[in-house]
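All remarks here apply to the structure that follows.
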Amino acid sequence: MKEITIASKITVFETIQELPLVEQNLMSKAIEAREKAYAPYSKFRVGAAILLDNGEIVIGSNQENAAYPSGLCAERVAIFQAGSLYPEAIIQKVAITAASDNNKTTTPVPPCGACRQSIAEYEVRQETPIEIYYMGETGPIHYSTSLKNLLPFMFEKNLL
Ligand code: THU
């Protein structure tokens with residue numbers, strides 16, 4: 001018998017202003033996306049902005065549905081859009097922000113498990129780490145150098 005210990009490193013930025021300029025801009029695009037979310041049921045708006053190596057920024061927001069499971073998270077809307085529009089591009093950074101209409105979310109909101117799995121697919125596919133930045137409605141912001149830090153023991157194609 002042996003034990004395996006996994007350690008993940010997260011960097012914390014206290015405010016958006018503390019981020020480097022490229023990331024500040026990306027997070028402001030995520031905020032814009034968040035404001036366009038369609039979240040009439042949960043009142044929880046999420047925005048994601050993805051920076052590609054071709055300079056393009058692709059955004060997404062959560063899109064809910066009266067048949068609840070038919071809705072989709074912001075991160076997957078954005079990553080599938082990036083994969084559809086620019087299949088050859090390398091995904092460099094993802095910025096995520098979430099805000100509730102009911103209260104101010106100041107805790108960083110990480111992507112849900114399904115979104116981590118979806119983003120991981122692209123990281124494995126492109127063989128290049130994807131940087132993740134996530135926050136609530138305002139800072140602090142959590143930063144990880146790779147999606148893998150958020151999804152230890154990921155399910156990936158090598159297991160098939
Ligand atoms: N949501 C996201 O957009 N991303 C996540 O990572 C977690 C949750 C959305 C789904 C739903 O529209 C609302 O937030 C409440 O769960």
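Each chain of the structure tokens is named A, B, ... in the order shown, its residues numbered from 1; ligands are numbered from 1 in display order.
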| message | Need the shell around Ser42 in chain A: protein/DNA/RNA residues with any atom at most 10 Å away, counting only C-alpha atoms. Skip same-chain ones fewer than 2 positions apart. Format as number ranges by chain? | response | A: 38-40, 44-45, 64, 68, 100-102
Report task. Could you please extract the residues within 8 Å of ligand 1, counting only C-alpha atoms and all ligand atoms, and hand them back as an MDAnalysis selection string? Result -> chainID A and resid 38:39 41:47 61:64 71:76 98 109:115
- request: Assign secondary structure with DSSP using the backbone only, and return the residues of chain A in strand (DSSP E or B) as an NGL selection string.
  value: :A and (11-13 or 38 or 44-52 or 57-61 or 63 or 72 or 91-100 or 131-135 or 141-144)
Check: Got a sec: who's within 7 Å of Tyr143 in chain A, counting only C-alpha atoms, leaving out chain neighbours fewer than 2 positions off, as a PyMOL selection string?
Finding: chain A and resi 10-12+132-134+141+145
| Which residue of A:Pro20, A:Gly60, A:Pro129, A:Gly136 approaches Leu150 in chain A most closely, using only C-alpha atoms |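 Result for the nearest residue to Leu150 in chain A: A:Pro129.
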Which residues come within 10 Å of Tyr122 in chain A, counting only C-alpha atoms, excluding same-chain residues fewer than 6 positions away, as an MDAnalysis selection string? chainID A and resid 79:80 83 87 90:91 128:130 147
Could you write out the selected residues, including C-alpha atoms, as a CSV table (one decimal), in the first residue's frame?
```
chain,number,residue,atom,x,y,z
A,79,ILE,CA,-14.2,27.1,-24.9
A,80,PHE,CA,-16.4,25.3,-27.5
A,83,GLY,CA,-12.5,25.4,-30.5
A,87,PRO,CA,-9.4,24.9,-34.1
A,90,ILE,CA,-3.4,27.6,-29.0
A,91,ILE,CA,-5.6,28.6,-26.0
A,128,THR,CA,0.4,23.5,-23.8
A,129,PRO,CA,-0.8,24.6,-20.4
A,130,ILE,CA,-3.8,26.8,-20.2
A,147,LEU,CA,-5.8,23.7,-15.8
```
Worksheet item: Where in chain A does DSSP assign helix (DSSP H, G or I), given as an MDAnalysis selection string?
Response: chainID A and resid 16:18 21:35 68:70 74:85 113:126 147:150 157:159
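The closest residue to Gly55 in chain A, picked from A:Ala37, A:Ala89, A:Met135, A:Ile119 and counting only C-alpha atoms, is A:Ala89.
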One residue among A:Ile59, A:Ile50, A:Ala82, A:Ala67 is nearest to Val94 in chain A when using only C-alpha atoms, and that residue is A:Ile50
(message) Could you list, as number ranges by chain, every residue within 6 Å of Glu131 in chain A, counting only C-alpha atoms and ignoring same-chain residues fewer than 6 positions away?
(response) A: 93, 144-146
Near Phe153 in chain A, within 12 Å and counting only C-alpha atoms, which residues show up once chain neighbours fewer than 2 positions away are dropped, as a PDB file with all heavy atoms, in the first residue's frame?
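This is the output file part17.pdb:
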```
ATOM      1  N   ILE A   4      -0.677   8.578  -2.365  1.00  0.00           N
ATOM      2  CA  ILE A   4      -0.270   9.595  -3.325  1.00  0.00           C
ATOM      3  C   ILE A   4      -0.823  10.930  -2.845  1.00  0.00           C
ATOM      4  O   ILE A   4      -2.026  11.029  -2.558  1.00  0.00           O
ATOM      5  CB  ILE A   4      -0.829   9.273  -4.735  1.00  0.00           C
ATOM      6  CG1 ILE A   4      -0.319   7.911  -5.211  1.00  0.00           C
ATOM      7  CG2 ILE A   4      -0.466  10.377  -5.714  1.00  0.00           C
ATOM      8  CD1 ILE A   4      -0.984   7.408  -6.471  1.00  0.00           C
ATOM      9  N   THR A   5       0.040  11.915  -2.715  1.00  0.00           N
ATOM     10  CA  THR A   5      -0.403  13.250  -2.295  1.00  0.00           C
ATOM     11  C   THR A   5      -0.278  14.200  -3.477  1.00  0.00           C
ATOM     12  O   THR A   5       0.739  14.212  -4.165  1.00  0.00           O
ATOM     13  CB  THR A   5       0.465  13.768  -1.130  1.00  0.00           C
ATOM     14  OG1 THR A   5       0.405  12.812  -0.080  1.00  0.00           O
ATOM     15  CG2 THR A   5      -0.037  15.118  -0.626  1.00  0.00           C
ATOM     16  N   ILE A   6      -1.331  14.949  -3.711  1.00  0.00           N
ATOM     17  CA  ILE A   6      -1.327  15.914  -4.812  1.00  0.00           C
ATOM     18  C   ILE A   6      -1.275  17.316  -4.218  1.00  0.00           C
ATOM     19  O   ILE A   6      -2.065  17.643  -3.337  1.00  0.00           O
ATOM     20  CB  ILE A   6      -2.627  15.792  -5.660  1.00  0.00           C
ATOM     21  CG1 ILE A   6      -2.787  14.381  -6.214  1.00  0.00           C
ATOM     22  CG2 ILE A   6      -2.649  16.829  -6.765  1.00  0.00           C
ATOM     23  CD1 ILE A   6      -1.803  13.994  -7.256  1.00  0.00           C
ATOM     24  N   ALA A   7      -0.381  18.143  -4.730  1.00  0.00           N
ATOM     25  CA  ALA A   7      -0.326  19.540  -4.286  1.00  0.00           C
ATOM     26  C   ALA A   7      -0.610  20.451  -5.476  1.00  0.00           C
ATOM     27  O   ALA A   7      -0.091  20.222  -6.571  1.00  0.00           O
ATOM     28  CB  ALA A   7       1.044  19.845  -3.711  1.00  0.00           C
ATOM     29  N   ARG A 116     -14.045  22.090 -15.951  1.00  0.00           N
ATOM     30  CA  ARG A 116     -12.617  21.726 -15.841  1.00  0.00           C
ATOM     31  C   ARG A 116     -12.298  20.591 -16.799  1.00  0.00           C
ATOM     32  O   ARG A 116     -11.283  20.603 -17.486  1.00  0.00           O
ATOM     33  CB  ARG A 116     -12.288  21.287 -14.413  1.00  0.00           C
ATOM     34  CG  ARG A 116     -12.390  22.407 -13.417  1.00  0.00           C
ATOM     35  CD  ARG A 116     -12.054  21.942 -12.023  1.00  0.00           C
ATOM     36  NE  ARG A 116     -12.744  22.807 -11.071  1.00  0.00           N
ATOM     37  CZ  ARG A 116     -12.474  22.903  -9.789  1.00  0.00           C
ATOM     38  NH1 ARG A 116     -11.511  22.169  -9.273  1.00  0.00           N
ATOM     39  NH2 ARG A 116     -13.143  23.703  -9.012  1.00  0.00           N
ATOM     40  N   GLN A 117     -13.171  19.592 -16.839  1.00  0.00           N
ATOM     41  CA  GLN A 117     -12.954  18.463 -17.738  1.00  0.00           C
ATOM     42  C   GLN A 117     -12.941  18.935 -19.200  1.00  0.00           C
ATOM     43  O   GLN A 117     -12.116  18.496 -19.997  1.00  0.00           O
ATOM     44  CB  GLN A 117     -14.053  17.406 -17.529  1.00  0.00           C
ATOM     45  CG  GLN A 117     -13.913  16.169 -18.392  1.00  0.00           C
ATOM     46  CD  GLN A 117     -12.683  15.341 -18.044  1.00  0.00           C
ATOM     47  OE1 GLN A 117     -12.255  15.287 -16.897  1.00  0.00           O
ATOM     48  NE2 GLN A 117     -12.095  14.709 -19.050  1.00  0.00           N
ATOM     49  N   ALA A 120      -9.782  20.867 -19.854  1.00  0.00           N
ATOM     50  CA  ALA A 120      -8.650  19.926 -19.839  1.00  0.00           C
ATOM     51  C   ALA A 120      -8.455  19.249 -21.187  1.00  0.00           C
ATOM     52  O   ALA A 120      -7.327  19.019 -21.632  1.00  0.00           O
ATOM     53  CB  ALA A 120      -8.875  18.865 -18.760  1.00  0.00           C
ATOM     54  N   LEU A 147      -4.534  24.234 -16.167  1.00  0.00           N
ATOM     55  CA  LEU A 147      -5.830  23.660 -15.757  1.00  0.00           C
ATOM     56  C   LEU A 147      -5.606  22.414 -14.912  1.00  0.00           C
ATOM     57  O   LEU A 147      -6.383  22.129 -13.996  1.00  0.00           O
ATOM     58  CB  LEU A 147      -6.648  23.369 -17.028  1.00  0.00           C
ATOM     59  CG  LEU A 147      -8.080  22.889 -16.897  1.00  0.00           C
ATOM     60  CD1 LEU A 147      -8.212  21.412 -16.600  1.00  0.00           C
ATOM     61  CD2 LEU A 147      -8.875  23.694 -15.858  1.00  0.00           C
ATOM     62  N   LYS A 148      -4.526  21.692 -15.221  1.00  0.00           N
ATOM     63  CA  LYS A 148      -4.251  20.428 -14.508  1.00  0.00           C
ATOM     64  C   LYS A 148      -4.214  20.621 -12.993  1.00  0.00           C
ATOM     65  O   LYS A 148      -4.565  19.712 -12.244  1.00  0.00           O
ATOM     66  CB  LYS A 148      -2.903  19.851 -14.967  1.00  0.00           C
ATOM     67  CG  LYS A 148      -3.051  18.930 -16.144  1.00  0.00           C
ATOM     68  CD  LYS A 148      -1.738  18.266 -16.499  1.00  0.00           C
ATOM     69  CE  LYS A 148      -1.931  17.545 -17.831  1.00  0.00           C
ATOM     70  NZ  LYS A 148      -0.745  17.449 -18.629  1.00  0.00           N
ATOM     71  N   ASN A 149      -3.771  21.797 -12.543  1.00  0.00           N
ATOM     72  CA  ASN A 149      -3.730  22.057 -11.092  1.00  0.00           C
ATOM     73  C   ASN A 149      -5.119  22.014 -10.467  1.00  0.00           C
ATOM     74  O   ASN A 149      -5.258  21.788  -9.266  1.00  0.00           O
ATOM     75  CB  ASN A 149      -3.132  23.442 -10.808  1.00  0.00           C
ATOM     76  CG  ASN A 149      -1.653  23.491 -11.086  1.00  0.00           C
ATOM     77  OD1 ASN A 149      -0.961  22.482 -10.946  1.00  0.00           O
ATOM     78  ND2 ASN A 149      -1.176  24.641 -11.505  1.00  0.00           N
ATOM     79  N   LEU A 150      -6.131  22.288 -11.288  1.00  0.00           N
ATOM     80  CA  LEU A 150      -7.504  22.304 -10.765  1.00  0.00           C
ATOM     81  C   LEU A 150      -8.197  20.959 -10.942  1.00  0.00           C
ATOM     82  O   LEU A 150      -9.316  20.774 -10.467  1.00  0.00           O
ATOM     83  CB  LEU A 150      -8.337  23.385 -11.473  1.00  0.00           C
ATOM     84  CG  LEU A 150      -7.839  24.827 -11.402  1.00  0.00           C
ATOM     85  CD1 LEU A 150      -8.813  25.754 -12.112  1.00  0.00           C
ATOM     86  CD2 LEU A 150      -7.657  25.253  -9.966  1.00  0.00           C
ATOM     87  N   LEU A 151      -7.556  20.059 -11.663  1.00  0.00           N
ATOM     88  CA  LEU A 151      -8.200  18.773 -11.940  1.00  0.00           C
ATOM     89  C   LEU A 151      -7.183  17.631 -11.851  1.00  0.00           C
ATOM     90  O   LEU A 151      -6.805  17.039 -12.865  1.00  0.00           O
ATOM     91  CB  LEU A 151      -8.852  18.803 -13.337  1.00  0.00           C
ATOM     92  CG  LEU A 151      -9.779  17.650 -13.684  1.00  0.00           C
ATOM     93  CD1 LEU A 151     -10.965  17.571 -12.742  1.00  0.00           C
ATOM     94  CD2 LEU A 151     -10.263  17.772 -15.126  1.00  0.00           C
ATOM     95  N   PHE A 155      -9.419  12.673 -16.299  1.00  0.00           N
ATOM     96  CA  PHE A 155      -9.690  11.638 -17.283  1.00  0.00           C
ATOM     97  C   PHE A 155      -9.258  12.171 -18.639  1.00  0.00           C
ATOM     98  O   PHE A 155      -9.710  13.227 -19.071  1.00  0.00           O
ATOM     99  CB  PHE A 155     -11.187  11.297 -17.313  1.00  0.00           C
ATOM    100  CG  PHE A 155     -11.491  10.133 -18.208  1.00  0.00           C
ATOM    101  CD1 PHE A 155     -11.331   8.837 -17.765  1.00  0.00           C
ATOM    102  CD2 PHE A 155     -11.894  10.348 -19.523  1.00  0.00           C
ATOM    103  CE1 PHE A 155     -11.590   7.757 -18.601  1.00  0.00           C
ATOM    104  CE2 PHE A 155     -12.158   9.275 -20.361  1.00  0.00           C
ATOM    105  CZ  PHE A 155     -11.998   7.973 -19.892  1.00  0.00           C
ATOM    106  N   GLU A 156      -8.367  11.465 -19.305  1.00  0.00           N
ATOM    107  CA  GLU A 156      -7.880  11.955 -20.589  1.00  0.00           C
ATOM    108  C   GLU A 156      -7.679  10.820 -21.581  1.00  0.00           C
ATOM    109  O   GLU A 156      -7.750   9.649 -21.215  1.00  0.00           O
ATOM    110  CB  GLU A 156      -6.599  12.759 -20.406  1.00  0.00           C
ATOM    111  CG  GLU A 156      -5.505  12.001 -19.680  1.00  0.00           C
ATOM    112  CD  GLU A 156      -4.151  12.661 -19.827  1.00  0.00           C
ATOM    113  OE1 GLU A 156      -3.692  12.781 -20.978  1.00  0.00           O
ATOM    114  OE2 GLU A 156      -3.565  13.032 -18.803  1.00  0.00           O
ATOM    115  N   LEU A 159      -6.007   7.334 -21.340  1.00  0.00           N
ATOM    116  CA  LEU A 159      -6.624   6.258 -20.535  1.00  0.00           C
ATOM    117  C   LEU A 159      -7.536   5.369 -21.373  1.00  0.00           C
ATOM    118  O   LEU A 159      -7.932   4.304 -20.921  1.00  0.00           O
ATOM    119  CB  LEU A 159      -7.446   6.877 -19.387  1.00  0.00           C
ATOM    120  CG  LEU A 159      -6.662   7.776 -18.419  1.00  0.00           C
ATOM    121  CD1 LEU A 159      -7.619   8.529 -17.509  1.00  0.00           C
ATOM    122  CD2 LEU A 159      -5.694   6.952 -17.586  1.00  0.00           C
TER     123      LEU A 159
END
```
Which residue gives the smallest distance to Met154 in chain A among A:Ile16, A:Ala66, A:Val22, A:Glu123, with only C-alpha atoms counted?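 Going through A:Ile16, A:Ala66, A:Val22, A:Glu123 one by one, the smallest distance to Met154 in chain A is for A:Glu123.
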Selected residue of minimal separation from Ala78 in chain A among A:Ser118, A:Thr138, A:Asn25, A:Ser8, counting only C-alpha atoms
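Distance minimum relative to Ala78 in chain A lands on A:Ser118.
For the set A:Asn103, A:Pro140, A:Asn54, A:Thr97, the residue with the smallest atom-to-atom gap to Leu85 in chain A is A:Asn54, counting only C-alpha atoms.
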